[in-house]
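K.L.:
The structure follows.
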Amino acid sequence: MISVFELFKIGVGPSSSHTVGPMIAACRFGHEVVKQPGLLERLDRVRVELYGSLALTGLGHATDTAIFCGLAGCLPDCTEVQVLKETVESLRKYSMLKLAGQVAISFDEKRDLVWLRNETLPAHPNAMQFSVIDSQGQVVFAKRYYSTGGGFVYDEQGLAELKESLSKPQNQDQAAPYPFTTAAVLIEMARTNDLRIDQIIDSNELVLRSEDQIAEQLDRLWSVMAACIDRGCMTEGILPGSLHIRRRAPGIYQKLTQGTQLLPSQWLLEHAQEKLKDPLQQLDWVSLFALAVNEENAAGGQVVTAPTNGAAGVIPAVLGYYVYLVPDPGHPDFDRTISDREGVHRFLKTAGAIGMLYKRNASLSAAEMGCQGEVGVACSMAAAGLAACMGGTIEQIENAAEIGMEHNLGLTCDPIAGLVQVPCIERNTMGATKAINAARLAVLYGDGQHFVSLDRVIETMRQTGVDMQAKYKETSLGGLAVNVVDC
């Protein structure tokens, strides 16, 4: 069992697989080099080779700058965005970096960062190799890593062990008291033990951390999401890259609030009546939340990988709907016997459980699954989380998650110019609104009985991803990426 805090990570944009993952891999490599006896004495330079999807869309996804920062010892969850920018500026000015933050080495970007756009390794399309080169130009140490989506990173041994473990029957002796590998098992556990999904996740998380630690980490996740919405609504300008896309969230926010100077988190809590006058305006707010987060992500800001960066706006948008926009406590559509804080925790735990199923039985990587593996999964997770906060039964929650994915099947990943801007930002708004619709259909107008199970949908998503042509899977070689000219 993986932790819900492995699915929800605090990181930086624009991509979990192409930015967060490579930064983590580079940091691990740097620390391994400085710890190996005698290796530093032989080190003349470090060479980095990027394969497949990392090479094809890496420039638009800031893979190069992520590698620089990782080699310098930076990690995405604990390094300020300004420090990352300064690290990149320093390397490009002096062609030097401090490996693992300790040892100064030369690094010539043009020579030492190699983009192998025509080579894809069989183990995974997001592959990278780091090599230590001596003064004679010989490789004296090398290591290969794979960024498998959602910020998960494995070396060759780790990836092989992961694949082997997934091929074995479920181990009932795992440390987690409630290990589950399918939705069917999760539902049966909930029924047998009279537990909600979030309570099952709680029990599993308590093996690793205390109740207070779990609550504090969940609070931090929502705090970062809410702050990202605030920043995105208040920051004007042009997004980085060749497309020169103007940020839209600030203008929409000003139009919705008639020119307020307050942050969204303040305005929304103070103006309950204004925001509810037009029922369809709730949808505008949800779209705004998703736009704000994904524009921040595209600009390299701090976001929560949920479960990926490309889909980072869906869950915050639906959580924002729950916290800021749901009706008064007496409204029958929601279980408002719980506080907002408890609701946020229930949402994230339930969504996390659904994300675990996709992570184990399919993939969170757009390079493997297309965008159904990012926005589709986020939509499914968000639908389940919202259904839980609406007081849905275990069957209704599963139904909401199934609806959320069923209507994202086949969604391709075709970023123009390799940038997570078009169509990615708007695609998050669609994922968020679909999630809310899915939860309402399942809980308000369904009894939990449904024809297609979540497990069948996840397997269908996996098969669809396998059959999808590579050009539609985060390569910028198909779809909108080739039918819209990048001027």
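Residue numbering restarts at 1 in every chain; chains get A, B, ... in the order shown in the structure tokens, and ligands count up from 1 in that same order.
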Region 397-413 of chain A: which residues within 6 Å, counting only C-alpha atoms, same-chain residues fewer than 5 positions away excluded, as a list in words?
P.N.:
Gly370, Cys371, Gln372, Gly376, Cys379, Ser380, Ala383, Ala384, Ala387, Gly392, Ala435, Ala438, Ala439, Ala442, Leu454, Tyr472, Lys473 and Glu474 of chain A
K.L.:
Under the rule of at most 10 Å, produce a per-residue listing of region 325-425 of chain A near region 45-54 of chain A: chain, number, name, the closest pair of atoms, and the distance in Å, as a tab-separated table, using only C-alpha atoms.
P.N.:
residue	atom	partner	partner_atom	distance
A:Ala366	CA	A:Ser53	CA	9.4
A:Ala367	CA	A:Ser53	CA	6.3
A:Glu368	CA	A:Ser53	CA	9.5
A:Gly418	CA	A:Ser53	CA	9.8
K.L.:
Nearest residue to Gly11 (chain A) out of A:Glu80, A:Glu41, A:Asp447, A:Glu236, using only C-alpha atoms?
P.N.:
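Residue with the minimum atom-to-atom distance to Gly11 (chain A): A:Glu80.
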K.L.:
Do a neighbour search on Lys349 (chain A) at 8 Å with only C-alpha atoms, toss out local chain neighbours closer than 2 positions, and write the hits as a PyMOL selection string.
P.N.:
chain A and resi 4+197-198+201-202+345-347+351-353+385
K.L.:
Taking 6 positions as the minimum chain separation for residues in the same chain, which residues sit within 12 Å of Ala127 (chain A) when counting only C-alpha atoms? Answer as a ChimeraX atom specification.
P.N.:
/A:17-18,21-22,25,48-56,58,63,115-117,119-121,143-149,153-156,159,367
K.L.:
With only C-alpha atoms as the basis for distance, which of A:Gln136, A:Ser453, A:Ser203, A:Thr65 is at the shortest distance from Ala183 (chain A)?
P.N.:
A:Ser453
K.L.:
Just want the 12 Å neighbourhood of region 161-164 of chain A, counted on only C-alpha atoms, with same-chain residues fewer than 3 positions away dropped. Output as a PDB file with C-alpha atoms, in the first residue's frame.
P.N.:
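Wrote it out as part20.pdb, contents follow:
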ATOM      1  CA  MET A   1       0.000   0.000   0.000  1.00  0.00           C
ATOM      2  CA  ILE A   2       1.208   3.486  -0.804  1.00  0.00           C
ATOM      3  CA  ALA A 123      10.758  -0.009 -19.496  1.00  0.00           C
ATOM      4  CA  HIS A 124       8.986   3.395 -19.557  1.00  0.00           C
ATOM      5  CA  TYR A 146      12.198   6.422 -14.631  1.00  0.00           C
ATOM      6  CA  THR A 148       6.387   7.130 -13.874  1.00  0.00           C
ATOM      7  CA  PHE A 152       6.982   8.798  -8.535  1.00  0.00           C
ATOM      8  CA  VAL A 153      10.604   7.956  -9.435  1.00  0.00           C
ATOM      9  CA  TYR A 154      12.291   4.546  -9.626  1.00  0.00           C
ATOM     10  CA  ASP A 155      15.756   3.402 -10.569  1.00  0.00           C
ATOM     11  CA  GLU A 156      16.045   0.247 -12.705  1.00  0.00           C
ATOM     12  CA  GLN A 157      16.069  -2.096  -9.718  1.00  0.00           C
ATOM     13  CA  GLY A 158      13.177  -0.289  -8.055  1.00  0.00           C
ATOM     14  CA  SER A 167       2.289  -9.331 -10.550  1.00  0.00           C
ATOM     15  CA  LYS A 168       1.987 -11.235  -7.269  1.00  0.00           C
ATOM     16  CA  PRO A 169      -1.238 -11.972  -5.361  1.00  0.00           C
ATOM     17  CA  GLN A 170      -2.165  -9.516  -2.626  1.00  0.00           C
ATOM     18  CA  LYS A 359      -1.714   3.991  -9.628  1.00  0.00           C
ATOM     19  CA  ARG A 360      -1.600   0.251  -8.978  1.00  0.00           C
ATOM     20  CA  ASN A 361      -3.786  -1.096 -11.777  1.00  0.00           C
ATOM     21  CA  ALA A 362      -3.086   1.344 -14.612  1.00  0.00           C
TER      22      ALA A 362
END
K.L.:
Using only C-alpha atoms, which protein or nucleic acid residues come within 7 Å of region 68-78 of chain A? Drop anything in the same chain fewer than 6 positions from it, and give the result as a tab-separated table (two decimals) with C-alpha atoms, in the first residue's frame.
P.N.:
chain	number	residue	atom	x	y	z
A	10	ILE	CA	3.71	19.52	-2.64
A	11	GLY	CA	5.88	20.47	-5.57
A	12	VAL	CA	6.41	22.94	-8.39
A	20	VAL	CA	9.06	17.02	-10.22
A	23	MET	CA	14.32	16.94	-10.08
A	24	ILE	CA	13.93	14.14	-7.53
A	26	ALA	CA	18.76	14.25	-10.20
A	27	CYS	CA	18.89	14.99	-6.48
A	30	GLY	CA	23.89	13.73	-6.84
A	84	LEU	CA	15.04	27.30	-7.90
A	87	THR	CA	19.95	28.13	-9.08
A	88	VAL	CA	19.15	27.99	-12.79
A	97	LEU	CA	26.77	23.93	-10.02
A	98	LYS	CA	27.26	22.46	-6.55
A	99	LEU	CA	26.57	18.75	-6.86
A	100	ALA	CA	24.19	17.74	-4.04
A	101	GLY	CA	24.73	21.25	-2.72
K.L.:
How many Å lie between CA of Tyr94 (chain A) and CA of Asp64 (chain A), rounded to one decimal?
P.N.:
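One can read the CA of Tyr94 (chain A) to CA of Asp64 (chain A) distance as 16.2 Å.
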K.L.:
Could you write out, as a PyMOL selection string, all the residues of region 144-230 of chain A that DSSP marks as alpha helix (DSSP H)?
P.N.:
chain A and resi 156-167+183-193+197-205+211-230
K.L.:
Just C-alpha atoms for this one: save the residues we selected as a short mmCIF file (atom, residue, chain, number, x, y, z; two decimals), in the first residue's frame.
P.N.:
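Result file out06.cif:
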data_model
loop_
_atom_site.label_atom_id
_atom_site.label_comp_id
_atom_site.auth_asym_id
_atom_site.auth_seq_id
_atom_site.Cartn_x
_atom_site.Cartn_y
_atom_site.Cartn_z
CA GLU A 156 16.05 0.25 -12.71
CA GLN A 157 16.07 -2.10 -9.72
CA GLY A 158 13.18 -0.29 -8.05
CA LEU A 159 11.06 -0.38 -11.22
CA ALA A 160 11.73 -4.09 -11.68
CA GLU A 161 10.80 -4.79 -8.06
CA LEU A 162 7.63 -2.71 -8.42
CA LYS A 163 6.53 -4.61 -11.52
CA GLU A 164 7.28 -7.93 -9.82
CA SER A 165 5.29 -6.99 -6.72
CA LEU A 166 2.30 -5.95 -8.82
CA SER A 167 2.29 -9.33 -10.55
CA ALA A 183 -12.36 -1.37 -5.72
CA ALA A 184 -14.22 -4.62 -5.10
CA VAL A 185 -11.91 -5.49 -2.21
CA LEU A 186 -12.17 -1.94 -0.84
CA ILE A 187 -15.98 -2.07 -0.92
CA GLU A 188 -16.08 -5.46 0.76
CA MET A 189 -13.71 -4.26 3.50
CA ALA A 190 -15.91 -1.24 4.11
CA ARG A 191 -19.06 -3.36 4.32
CA THR A 192 -17.54 -6.09 6.50
CA ASN A 193 -15.97 -3.68 8.97
CA ILE A 197 -13.32 4.73 2.84
CA ASP A 198 -11.64 7.59 4.68
CA GLN A 199 -11.65 5.54 7.89
CA ILE A 200 -9.92 2.67 6.08
CA ILE A 201 -7.28 5.08 4.80
CA ASP A 202 -6.92 6.50 8.32
CA SER A 203 -6.21 3.06 9.74
CA ASN A 204 -3.56 2.40 7.10
CA GLU A 205 -1.91 5.80 7.56
CA GLU A 211 -3.50 11.16 14.09
CA ASP A 212 -2.15 14.66 14.63
CA GLN A 213 0.49 14.21 11.93
CA ILE A 214 -2.12 12.97 9.46
CA ALA A 215 -4.39 15.92 10.20
CA GLU A 216 -1.54 18.43 9.97
CA GLN A 217 -0.37 17.09 6.60
CA LEU A 218 -3.91 17.14 5.22
CA ASP A 219 -4.33 20.71 6.48
CA ARG A 220 -1.10 21.68 4.74
CA LEU A 221 -2.24 20.14 1.46
CA TRP A 222 -5.45 22.18 1.44
CA SER A 223 -3.57 25.27 2.59
CA VAL A 224 -1.22 25.02 -0.40
CA MET A 225 -4.14 24.40 -2.76
CA ALA A 226 -6.09 27.39 -1.39
CA ALA A 227 -3.02 29.64 -1.54
CA CYS A 228 -2.47 28.54 -5.15
CA ILE A 229 -6.04 29.57 -6.02
CA ASP A 230 -5.44 32.95 -4.35
#
K.L.:
Report as a list in words all protein, DNA and RNA residues lying within 9 Å of Ala62 (chain A), evaluated on only C-alpha atoms, omitting residues in the same chain fewer than 6 positions from it.
P.N.:
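Once the adjacent positions are removed, what remains is Gly13, Pro14, Ser15, His18, Thr19, Gly300 and Leu419 of chain A.
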K.L.:
Would you put the residues from that selection into a file with N, CA and C atoms, as a compact mmCIF listing (two decimals), in the first residue's frame?
P.N.:
# COMPACT_ATOMS: atom_id res chain seq x y z
N GLY A 13 5.48 23.48 -10.56
CA GLY A 13 5.06 23.22 -11.92
C GLY A 13 6.24 23.25 -12.88
N PRO A 14 5.98 22.85 -14.12
CA PRO A 14 4.66 22.58 -14.66
C PRO A 14 4.24 21.12 -14.74
N SER A 15 5.10 20.17 -14.42
CA SER A 15 4.74 18.77 -14.64
C SER A 15 5.29 17.90 -13.52
N HIS A 18 7.56 15.33 -15.64
CA HIS A 18 8.65 15.92 -16.41
C HIS A 18 9.43 16.99 -15.65
N THR A 19 8.89 17.45 -14.52
CA THR A 19 9.59 18.46 -13.71
C THR A 19 9.91 17.89 -12.33
N GLY A 300 5.28 27.61 -13.21
CA GLY A 300 6.32 27.04 -12.35
C GLY A 300 6.11 27.32 -10.89
N LEU A 419 4.08 22.54 -23.92
CA LEU A 419 3.77 23.37 -22.75
C LEU A 419 2.44 22.93 -22.14
K.L.:
Counting only C-alpha atoms, figure out which residue out of A:Gly448, A:Gly232, A:Gly343, A:Gly479 gets nearest to Val303 (chain A).
P.N.:
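Nearest candidate to Val303 (chain A) out of A:Gly448, A:Gly232, A:Gly343, A:Gly479: A:Gly232.
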K.L.:
Can you tell me how far CA of Pro177 (chain A) sits from CA of Met461 (chain A), in Å to one decimal?
P.N.:
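We find that CA of Pro177 (chain A) and CA of Met461 (chain A) lie 28.6 Å from each other.
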K.L.:
Could you please write out, as a PDB file with C-alpha atoms, in the first residue's frame, every residue of region 53-223 of chain A that DSSP assigns to strand (DSSP E)?
P.N.:
ATOM      1  CA  MET A  96      28.896  25.584 -12.669  1.00  0.00           C
ATOM      2  CA  LEU A  97      26.773  23.925 -10.016  1.00  0.00           C
ATOM      3  CA  LYS A  98      27.260  22.463  -6.554  1.00  0.00           C
ATOM      4  CA  LEU A  99      26.567  18.754  -6.858  1.00  0.00           C
ATOM      5  CA  VAL A 103      30.820  19.914  -4.447  1.00  0.00           C
ATOM      6  CA  ALA A 104      31.352  22.512  -7.189  1.00  0.00           C
ATOM      7  CA  ILE A 105      31.549  20.968 -10.668  1.00  0.00           C
ATOM      8  CA  SER A 106      31.435  22.380 -14.193  1.00  0.00           C
ATOM      9  CA  LEU A 113      22.379  17.677 -21.249  1.00  0.00           C
ATOM     10  CA  VAL A 114      21.533  15.363 -24.154  1.00  0.00           C
ATOM     11  CA  TRP A 115      18.035  15.216 -25.691  1.00  0.00           C
ATOM     12  CA  LEU A 116      17.524  11.785 -27.288  1.00  0.00           C
ATOM     13  CA  ALA A 127      13.534   7.634 -18.850  1.00  0.00           C
ATOM     14  CA  MET A 128      16.751   9.466 -17.985  1.00  0.00           C
ATOM     15  CA  GLN A 129      20.351   8.414 -17.425  1.00  0.00           C
ATOM     16  CA  PHE A 130      22.949  10.214 -15.321  1.00  0.00           C
ATOM     17  CA  SER A 131      26.642   9.466 -15.858  1.00  0.00           C
ATOM     18  CA  VAL A 132      29.852  10.467 -14.103  1.00  0.00           C
ATOM     19  CA  ILE A 133      32.536  11.194 -16.721  1.00  0.00           C
ATOM     20  CA  VAL A 139      31.909   6.779 -17.946  1.00  0.00           C
ATOM     21  CA  VAL A 140      32.942   5.622 -14.468  1.00  0.00           C
ATOM     22  CA  PHE A 141      29.471   5.473 -12.913  1.00  0.00           C
ATOM     23  CA  ALA A 142      25.962   5.649 -14.386  1.00  0.00           C
ATOM     24  CA  LYS A 143      22.429   5.267 -13.166  1.00  0.00           C
ATOM     25  CA  ARG A 144      19.095   5.219 -14.976  1.00  0.00           C
ATOM     26  CA  TYR A 145      15.823   6.487 -13.537  1.00  0.00           C
ATOM     27  CA  TYR A 146      12.198   6.422 -14.631  1.00  0.00           C
ATOM     28  CA  SER A 147       9.635   9.108 -13.822  1.00  0.00           C
ATOM     29  CA  VAL A 153      10.604   7.956  -9.435  1.00  0.00           C
ATOM     30  CA  TYR A 154      12.291   4.546  -9.626  1.00  0.00           C
ATOM     31  CA  ASP A 155      15.756   3.402 -10.569  1.00  0.00           C
TER      32      ASP A 155
END
